[in-house]
$ cat structure.txt   # compact mmCIF, C-alpha atoms
# COMPACT_ATOMS: atom_id res chain seq x y z
CA MET F 1 152.09 178.68 86.94
CA PHE F 2 155.02 178.98 89.36
CA LYS F 3 157.43 179.10 86.42
CA THR F 4 155.46 182.03 84.92
CA ILE F 5 155.52 183.93 88.23
CA ILE F 6 159.31 183.53 88.48
CA GLU F 7 159.66 184.62 84.83
CA ASP F 8 157.61 187.78 85.58
CA ILE F 9 159.77 188.60 88.59
CA ASP F 10 163.00 187.95 86.67
CA THR F 11 161.74 190.16 83.82
CA ALA F 12 161.26 193.04 86.26
CA LEU F 13 164.74 192.44 87.69
CA ALA F 14 166.25 192.48 84.19
CA LYS F 15 164.40 195.58 82.96
CA ASP F 16 164.41 197.80 86.05
CA PRO F 17 167.85 198.77 87.37
CA ALA F 18 166.24 199.87 90.66
CA ALA F 19 164.91 196.35 91.35
CA ARG F 20 167.09 194.79 94.02
CA ASN F 21 165.73 191.28 94.55
CA ARG F 22 162.87 188.90 93.83
CA LEU F 23 161.12 189.48 97.14
CA GLU F 24 161.02 193.24 96.61
CA VAL F 25 159.60 192.81 93.10
CA ALA F 26 157.01 190.27 94.25
CA LEU F 27 155.80 192.48 97.10
CA ALA F 28 156.23 196.04 95.83
CA TYR F 29 155.88 196.24 92.04
CA PRO F 30 152.39 197.29 90.92
CA GLY F 31 153.13 196.50 87.26
CA VAL F 32 153.83 192.90 88.20
CA HIS F 33 150.74 192.78 90.43
CA ALA F 34 148.59 194.18 87.61
CA LEU F 35 149.92 191.52 85.24
CA TRP F 36 149.21 188.74 87.73
CA GLY F 37 145.74 190.14 88.31
CA HIS F 38 145.16 190.36 84.57
CA ARG F 39 146.01 186.69 84.15
CA ILE F 40 143.25 185.79 86.60
CA SER F 41 140.76 188.19 85.00
CA HIS F 42 141.66 186.94 81.51
CA PHE F 43 141.09 183.34 82.60
CA LEU F 44 137.67 184.25 84.01
CA TRP F 45 136.85 186.10 80.77
CA ARG F 46 137.82 183.10 78.64
CA ILE F 47 135.60 180.72 80.63
CA ASN F 48 132.69 183.13 80.13
CA LEU F 49 132.56 184.54 83.67
CA LYS F 50 132.70 188.01 82.15
CA LEU F 51 131.05 189.95 84.99
CA LEU F 52 133.33 188.35 87.56
CA ALA F 53 136.31 189.08 85.28
CA ARG F 54 135.32 192.77 85.05
CA ILE F 55 134.82 193.04 88.81
CA HIS F 56 138.19 191.43 89.45
CA ALA F 57 139.90 193.69 86.88
CA ASN F 58 138.34 196.72 88.56
CA LEU F 59 139.71 195.63 91.95
CA ILE F 60 143.17 195.23 90.42
CA ARG F 61 142.88 198.70 88.84
CA SER F 62 141.92 200.17 92.21
CA ALA F 63 144.89 198.53 93.87
CA THR F 64 147.53 199.30 91.21
CA GLY F 65 146.35 202.29 89.16
CA ILE F 66 146.75 200.12 86.05
CA GLU F 67 143.68 199.26 83.97
CA ILE F 68 143.86 196.17 81.78
CA HIS F 69 140.65 194.91 80.21
CA PRO F 70 140.16 191.18 80.90
CA ALA F 71 139.85 190.42 77.17
CA ALA F 72 143.26 191.91 76.30
CA LYS F 73 145.86 189.35 75.19
CA ILE F 74 149.34 189.76 76.68
CA GLY F 75 152.47 187.80 75.78
CA ARG F 76 155.36 186.64 77.91
CA ARG F 77 157.91 188.79 79.71
CA PHE F 78 155.68 191.89 79.59
CA PHE F 79 156.80 194.62 82.00
CA ILE F 80 155.06 197.81 83.11
CA ASP F 81 157.53 200.16 84.80
CA HIS F 82 155.94 202.41 87.46
CA GLY F 83 152.55 201.80 85.87
CA MET F 84 150.24 204.48 87.25
CA GLY F 85 147.74 205.57 84.62
CA VAL F 86 148.32 202.71 82.17
CA VAL F 87 145.21 201.75 80.18
CA ILE F 88 145.06 198.67 77.95
CA GLY F 89 141.86 198.21 75.95
CA SER F 90 139.84 195.06 75.37
CA THR F 91 141.00 194.11 71.86
CA THR F 92 144.66 194.95 72.48
CA VAL F 93 147.17 192.22 71.65
CA ILE F 94 150.66 192.53 73.14
CA GLY F 95 153.56 190.35 72.00
CA ASP F 96 156.48 188.98 73.99
CA ASP F 97 159.22 191.05 75.64
CA VAL F 98 157.28 194.32 75.58
CA MET F 99 158.01 197.11 78.06
CA ILE F 100 155.81 200.11 78.73
CA TYR F 101 156.09 203.00 81.16
CA HIS F 102 153.54 204.92 83.21
CA ASN F 103 150.61 206.79 81.70
CA VAL F 104 150.61 204.77 78.46
CA THR F 105 147.29 204.22 76.69
CA LEU F 106 146.73 201.36 74.27
CA GLY F 107 143.25 202.44 73.28
CA ALA F 108 140.62 202.90 70.63
CA LYS F 109 140.60 205.87 68.27
CA ASN F 110 136.83 206.22 68.11
CA ASN F 111 133.82 204.06 68.70
CA ILE F 112 131.40 205.47 66.12
CA GLY F 113 129.70 202.61 64.29
CA VAL F 114 131.90 200.06 66.02
CA THR F 115 130.55 196.95 67.74
CA ALA F 116 131.96 195.17 70.77
CA LYS F 117 133.28 192.38 68.52
CA ASP F 118 135.29 194.71 66.25
CA LYS F 119 139.06 195.05 66.70
CA ARG F 120 139.47 198.62 68.01
CA HIS F 121 142.80 198.59 69.82
CA PRO F 122 146.44 198.16 68.74
CA THR F 123 148.45 195.03 68.20
CA ILE F 124 151.93 195.44 69.68
CA GLY F 125 154.67 193.23 68.24
CA ASN F 126 157.54 191.56 70.10
CA ASN F 127 160.42 193.49 71.70
CA VAL F 128 158.60 196.84 71.65
CA LEU F 129 159.32 199.73 74.01
CA ILE F 130 156.63 202.35 74.70
CA GLY F 131 157.69 205.45 76.64
CA ALA F 132 155.84 207.31 79.40
CA GLY F 133 152.69 209.13 78.35
CA ALA F 134 152.58 207.63 74.87
CA LYS F 135 149.20 206.99 73.27
CA VAL F 136 148.84 204.17 70.75
CA LEU F 137 145.32 204.37 69.37
CA GLY F 138 143.15 202.37 67.03
CA ASN F 139 143.31 199.06 65.22
CA ILE F 140 146.95 199.44 64.17
CA ASN F 141 150.06 197.26 64.20
CA ILE F 142 153.29 198.22 65.93
CA GLY F 143 156.06 196.16 64.33
CA ASP F 144 158.57 194.02 66.20
CA GLY F 145 161.47 195.92 67.74
CA SER F 146 159.81 199.34 67.47
CA LYS F 147 160.40 202.14 69.96
CA ILE F 148 157.80 204.78 70.80
CA ALA F 149 159.20 207.66 72.80
CA ALA F 150 157.51 209.47 75.68
CA ASN F 151 154.41 211.59 74.96
CA SER F 152 154.10 210.38 71.38
CA VAL F 153 150.75 209.77 69.72
CA VAL F 154 150.59 206.90 67.24
CA THR F 155 147.49 206.17 65.15
CA LYS F 156 149.14 204.60 62.10
CA ASP F 157 150.95 201.28 61.62
CA LEU F 158 154.66 201.21 62.43
CA ALA F 159 156.97 198.94 60.45
CA PRO F 160 159.30 196.63 62.38
CA GLN F 161 162.33 198.35 63.93
CA SER F 162 160.68 201.79 63.65
CA SER F 163 161.15 204.70 66.04
CA VAL F 164 158.85 207.54 66.98
CA GLU F 165 160.77 210.40 68.61
CA THR F 166 159.76 212.20 71.80
CA GLY F 167 156.64 214.26 71.39
CA ASP F 168 156.18 213.29 67.72
CA SER F 169 152.80 212.32 66.43
CA PHE F 170 152.74 209.53 63.88
CA VAL F 171 149.13 209.95 62.84
CA ILE F 172 146.93 209.63 59.78

$ encode --input "structure.txt" --output "structure tokens"
Amino acid sequence: MFKTIIEDIDTALAKDPAARNRLEVALAYPGVHALWGHRISHFLWRINLKLLARIHANLIRSATGIEIHPAAKIGRRFFIDHGMGVVIGSTTVIGDDVMIYHNVTLGAKNNIGVTAKDKRHPTIGNNVLIGAGAKVLGNINIGDGSKIAANSVVTKDLAPQSSVETGDSFVI
């Protein structure tokens, strides 16, 4: 557990040029706090304390402005820069070494005829960058090494090493 906390702090230091030291990151980075809170909520979800997990996740959202559903699966060295307005849906899967900016939504495209057990949210590969305000919607796959620029809307699979330019919509 301690090793994971240090890894999270070091990830923020590596990815944010404004980060000055470990203490500052540990005390003043809401993206890191949201991730730590998510780990607790996710644990509670996995041991079937779903109501407690949702309550805890809601408290973390209130404190950080970042909403991560307790069922979402998040890999290692995930970093949310600034973070306000980030929403990560319940069936989202995020790989390792992913970085997202503020106001990003990893959400569902629609819920018509969909059950709670259906995969509705994106799967984000490893080493992906998602710019501020981007929306990645639906049960789609974002390939390893892809880059999604600010304010883009993506509702279709992206192959590995793909790029979506600023303001583009890569939709069906």

$ residues_around --input "structure.txt" --residues "stretch 128-139 of chain F" --least-positions-apart "6" --cutoff "9 Å" --atoms "only C-alpha atoms" --output "VMD selection string"
chain F and resid 85 to 86 91 to 92 95 to 110 119 to 122 145 to 157 161 166 to 167

$ write_last_selection --input "structure.txt" --atoms "C-alpha atoms" --output "tab-separated table (two decimals), in the coordinates of the input"
chain	number	residue	atom	x	y	z
F	85	GLY	CA	147.74	205.57	84.62
F	86	VAL	CA	148.32	202.71	82.17
F	91	THR	CA	141.00	194.11	71.86
F	92	THR	CA	144.66	194.95	72.48
F	95	GLY	CA	153.56	190.35	72.00
F	96	ASP	CA	156.48	188.98	73.99
F	97	ASP	CA	159.22	191.05	75.64
F	98	VAL	CA	157.28	194.32	75.58
F	99	MET	CA	158.01	197.11	78.06
F	100	ILE	CA	155.81	200.11	78.73
F	101	TYR	CA	156.09	203.00	81.16
F	102	HIS	CA	153.54	204.92	83.21
F	103	ASN	CA	150.61	206.79	81.70
F	104	VAL	CA	150.61	204.77	78.46
F	105	THR	CA	147.29	204.22	76.69
F	106	LEU	CA	146.73	201.36	74.27
F	107	GLY	CA	143.25	202.44	73.28
F	108	ALA	CA	140.62	202.90	70.63
F	109	LYS	CA	140.60	205.87	68.27
F	110	ASN	CA	136.83	206.22	68.11
F	119	LYS	CA	139.06	195.05	66.70
F	120	ARG	CA	139.47	198.62	68.01
F	121	HIS	CA	142.80	198.59	69.82
F	122	PRO	CA	146.44	198.16	68.74
F	145	GLY	CA	161.47	195.92	67.74
F	146	SER	CA	159.81	199.34	67.47
F	147	LYS	CA	160.40	202.14	69.96
F	148	ILE	CA	157.80	204.78	70.80
F	149	ALA	CA	159.20	207.66	72.80
F	150	ALA	CA	157.51	209.47	75.68
F	151	ASN	CA	154.41	211.59	74.96
F	152	SER	CA	154.10	210.38	71.38
F	153	VAL	CA	150.75	209.77	69.72
F	154	VAL	CA	150.59	206.90	67.24
F	155	THR	CA	147.49	206.17	65.15
F	156	LYS	CA	149.14	204.60	62.10
F	157	ASP	CA	150.95	201.28	61.62
F	161	GLN	CA	162.33	198.35	63.93
F	166	THR	CA	159.76	212.20	71.80
F	167	GLY	CA	156.64	214.26	71.39

$ residues_around --input "structure.txt" --residues "F:Val25" --least-positions-apart "2" --cutoff "12 Å" --atoms "all atoms listed in the file" --output "PyMOL selection string"
chain F and resi 5-23+27-33+79+81-82

$ residues_near_point --input "structure.txt" --point "(134.5, 189.9, 86.0)" --cutoff "9 Å" --atoms "all atoms listed in the file" --output "PyMOL selection string"
chain F and resi 41-42+44-45+49-58+70

$ atom_distance --input "structure.txt" --atom1 "atom CA of F:Asn141" --atom2 "atom CA of F:Leu158"
6.3 Å

$ closest_residue --input "structure.txt" --among "F:Glu24, F:Glu67, F:Asp144, F:Glu165" --to "F:His38" --atoms "all atoms listed in the file"
F:Glu67

$ closest_residue --input "structure.txt" --among "F:Ala116, F:Ile60, F:Ile94, F:Ala71" --to "F:Gly143" --atoms "all atoms listed in the file"
F:Ile94

$ axis_aligned_box --input "structure.txt" --around "stretch 127-142 of chain F" --padding-each-side "3 Å" --output "AutoDock Vina command-line options"
--center_x 151.8 --center_y 201.3 --center_z 71.8 --size_x 23.3 --size_y 21.6 --size_z 21.2

$ atom_distance --input "structure.txt" --atom1 "atom CA of F:Pro160" --atom2 "atom CA of F:Gly125"
8.2 Å

$ atom_distance --input "structure.txt" --atom1 "atom CA of F:Val87" --atom2 "atom CA of F:Met1"
25.0 Å

$ build_atoms --input "structure.txt" --residues "stretch 2-35 of chain F" --atoms "N, CA and C atoms" --output "PDB file, keeping the file's coordinate frame"
ATOM      1  N   PHE F   2     153.898 178.481  88.565  1.00  0.00           N
ATOM      2  CA  PHE F   2     155.020 178.980  89.360  1.00  0.00           C
ATOM      3  C   PHE F   2     156.156 179.451  88.454  1.00  0.00           C
ATOM      4  N   LYS F   3     156.387 178.721  87.371  1.00  0.00           N
ATOM      5  CA  LYS F   3     157.430 179.100  86.420  1.00  0.00           C
ATOM      6  C   LYS F   3     157.135 180.476  85.802  1.00  0.00           C
ATOM      7  N   THR F   4     155.870 180.747  85.495  1.00  0.00           N
ATOM      8  CA  THR F   4     155.460 182.030  84.920  1.00  0.00           C
ATOM      9  C   THR F   4     155.664 183.163  85.924  1.00  0.00           C
ATOM     10  N   ILE F   5     155.337 182.921  87.180  1.00  0.00           N
ATOM     11  CA  ILE F   5     155.520 183.930  88.230  1.00  0.00           C
ATOM     12  C   ILE F   5     156.998 184.289  88.367  1.00  0.00           C
ATOM     13  N   ILE F   6     157.855 183.290  88.393  1.00  0.00           N
ATOM     14  CA  ILE F   6     159.310 183.530  88.480  1.00  0.00           C
ATOM     15  C   ILE F   6     159.792 184.284  87.243  1.00  0.00           C
ATOM     16  N   GLU F   7     159.279 183.920  86.064  1.00  0.00           N
ATOM     17  CA  GLU F   7     159.660 184.620  84.830  1.00  0.00           C
ATOM     18  C   GLU F   7     159.262 186.100  84.906  1.00  0.00           C
ATOM     19  N   ASP F   8     158.069 186.389  85.434  1.00  0.00           N
ATOM     20  CA  ASP F   8     157.610 187.780  85.580  1.00  0.00           C
ATOM     21  C   ASP F   8     158.534 188.555  86.525  1.00  0.00           C
ATOM     22  N   ILE F   9     158.888 187.949  87.618  1.00  0.00           N
ATOM     23  CA  ILE F   9     159.770 188.600  88.590  1.00  0.00           C
ATOM     24  C   ILE F   9     161.147 188.827  87.971  1.00  0.00           C
ATOM     25  N   ASP F  10     161.675 187.818  87.300  1.00  0.00           N
ATOM     26  CA  ASP F  10     163.000 187.950  86.670  1.00  0.00           C
ATOM     27  C   ASP F  10     162.989 188.987  85.548  1.00  0.00           C
ATOM     28  N   THR F  11     161.861 189.130  84.850  1.00  0.00           N
ATOM     29  CA  THR F  11     161.740 190.160  83.820  1.00  0.00           C
ATOM     30  C   THR F  11     161.860 191.544  84.449  1.00  0.00           C
ATOM     31  N   ALA F  12     161.168 191.757  85.564  1.00  0.00           N
ATOM     32  CA  ALA F  12     161.260 193.040  86.260  1.00  0.00           C
ATOM     33  C   ALA F  12     162.695 193.301  86.729  1.00  0.00           C
ATOM     34  N   LEU F  13     163.347 192.290  87.245  1.00  0.00           N
ATOM     35  CA  LEU F  13     164.740 192.440  87.690  1.00  0.00           C
ATOM     36  C   LEU F  13     165.652 192.806  86.517  1.00  0.00           C
ATOM     37  N   ALA F  14     165.406 192.214  85.362  1.00  0.00           N
ATOM     38  CA  ALA F  14     166.250 192.480  84.190  1.00  0.00           C
ATOM     39  C   ALA F  14     165.996 193.859  83.590  1.00  0.00           C
ATOM     40  N   LYS F  15     164.749 194.340  83.655  1.00  0.00           N
ATOM     41  CA  LYS F  15     164.400 195.580  82.960  1.00  0.00           C
ATOM     42  C   LYS F  15     164.411 196.812  83.851  1.00  0.00           C
ATOM     43  N   ASP F  16     164.413 196.648  85.151  1.00  0.00           N
ATOM     44  CA  ASP F  16     164.410 197.800  86.050  1.00  0.00           C
ATOM     45  C   ASP F  16     165.681 197.800  86.890  1.00  0.00           C
ATOM     46  N   PRO F  17     166.601 198.737  86.613  1.00  0.00           N
ATOM     47  CA  PRO F  17     167.850 198.770  87.370  1.00  0.00           C
ATOM     48  C   PRO F  17     167.657 199.049  88.861  1.00  0.00           C
ATOM     49  N   ALA F  18     166.504 199.592  89.239  1.00  0.00           N
ATOM     50  CA  ALA F  18     166.240 199.870  90.660  1.00  0.00           C
ATOM     51  C   ALA F  18     165.764 198.634  91.418  1.00  0.00           C
ATOM     52  N   ALA F  19     165.374 197.580  90.697  1.00  0.00           N
ATOM     53  CA  ALA F  19     164.910 196.350  91.350  1.00  0.00           C
ATOM     54  C   ALA F  19     166.098 195.647  91.997  1.00  0.00           C
ATOM     55  N   ARG F  20     165.954 195.350  93.287  1.00  0.00           N
ATOM     56  CA  ARG F  20     167.090 194.790  94.020  1.00  0.00           C
ATOM     57  C   ARG F  20     167.030 193.277  94.209  1.00  0.00           C
ATOM     58  N   ASN F  21     165.832 192.721  94.341  1.00  0.00           N
ATOM     59  CA  ASN F  21     165.730 191.280  94.550  1.00  0.00           C
ATOM     60  C   ASN F  21     164.322 190.795  94.264  1.00  0.00           C
ATOM     61  N   ARG F  22     164.168 189.489  94.174  1.00  0.00           N
ATOM     62  CA  ARG F  22     162.870 188.900  93.830  1.00  0.00           C
ATOM     63  C   ARG F  22     161.784 189.221  94.848  1.00  0.00           C
ATOM     64  N   LEU F  23     162.129 189.202  96.119  1.00  0.00           N
ATOM     65  CA  LEU F  23     161.120 189.480  97.140  1.00  0.00           C
ATOM     66  C   LEU F  23     160.577 190.889  97.004  1.00  0.00           C
ATOM     67  N   GLU F  24     161.455 191.860  96.783  1.00  0.00           N
ATOM     68  CA  GLU F  24     161.020 193.240  96.610  1.00  0.00           C
ATOM     69  C   GLU F  24     160.085 193.371  95.400  1.00  0.00           C
ATOM     70  N   VAL F  25     160.438 192.749  94.296  1.00  0.00           N
ATOM     71  CA  VAL F  25     159.600 192.810  93.100  1.00  0.00           C
ATOM     72  C   VAL F  25     158.248 192.161  93.377  1.00  0.00           C
ATOM     73  N   ALA F  26     158.260 190.995  93.989  1.00  0.00           N
ATOM     74  CA  ALA F  26     157.010 190.270  94.250  1.00  0.00           C
ATOM     75  C   ALA F  26     156.075 191.042  95.179  1.00  0.00           C
ATOM     76  N   LEU F  27     156.623 191.797  96.102  1.00  0.00           N
ATOM     77  CA  LEU F  27     155.800 192.480  97.100  1.00  0.00           C
ATOM     78  C   LEU F  27     155.503 193.944  96.771  1.00  0.00           C
ATOM     79  N   ALA F  28     156.332 194.584  95.948  1.00  0.00           N
ATOM     80  CA  ALA F  28     156.230 196.040  95.830  1.00  0.00           C
ATOM     81  C   ALA F  28     156.201 196.588  94.404  1.00  0.00           C
ATOM     82  N   TYR F  29     155.905 195.780  93.422  1.00  0.00           N
ATOM     83  CA  TYR F  29     155.880 196.240  92.040  1.00  0.00           C
ATOM     84  C   TYR F  29     154.467 196.165  91.471  1.00  0.00           C
ATOM     85  N   PRO F  30     153.779 197.313  91.385  1.00  0.00           N
ATOM     86  CA  PRO F  30     152.390 197.290  90.920  1.00  0.00           C
ATOM     87  C   PRO F  30     152.231 196.800  89.483  1.00  0.00           C
ATOM     88  N   GLY F  31     153.220 197.013  88.633  1.00  0.00           N
ATOM     89  CA  GLY F  31     153.130 196.500  87.260  1.00  0.00           C
ATOM     90  C   GLY F  31     153.075 194.984  87.233  1.00  0.00           C
ATOM     91  N   VAL F  32     153.842 194.366  88.099  1.00  0.00           N
ATOM     92  CA  VAL F  32     153.830 192.900  88.200  1.00  0.00           C
ATOM     93  C   VAL F  32     152.504 192.447  88.800  1.00  0.00           C
ATOM     94  N   HIS F  33     152.029 193.141  89.827  1.00  0.00           N
ATOM     95  CA  HIS F  33     150.740 192.780  90.430  1.00  0.00           C
ATOM     96  C   HIS F  33     149.600 192.914  89.430  1.00  0.00           C
ATOM     97  N   ALA F  34     149.631 193.982  88.623  1.00  0.00           N
ATOM     98  CA  ALA F  34     148.590 194.180  87.610  1.00  0.00           C
ATOM     99  C   ALA F  34     148.614 193.045  86.582  1.00  0.00           C
ATOM    100  N   LEU F  35     149.798 192.622  86.194  1.00  0.00           N
ATOM    101  CA  LEU F  35     149.920 191.520  85.240  1.00  0.00           C
ATOM    102  C   LEU F  35     149.373 190.227  85.830  1.00  0.00           C
TER     103      LEU F  35
END
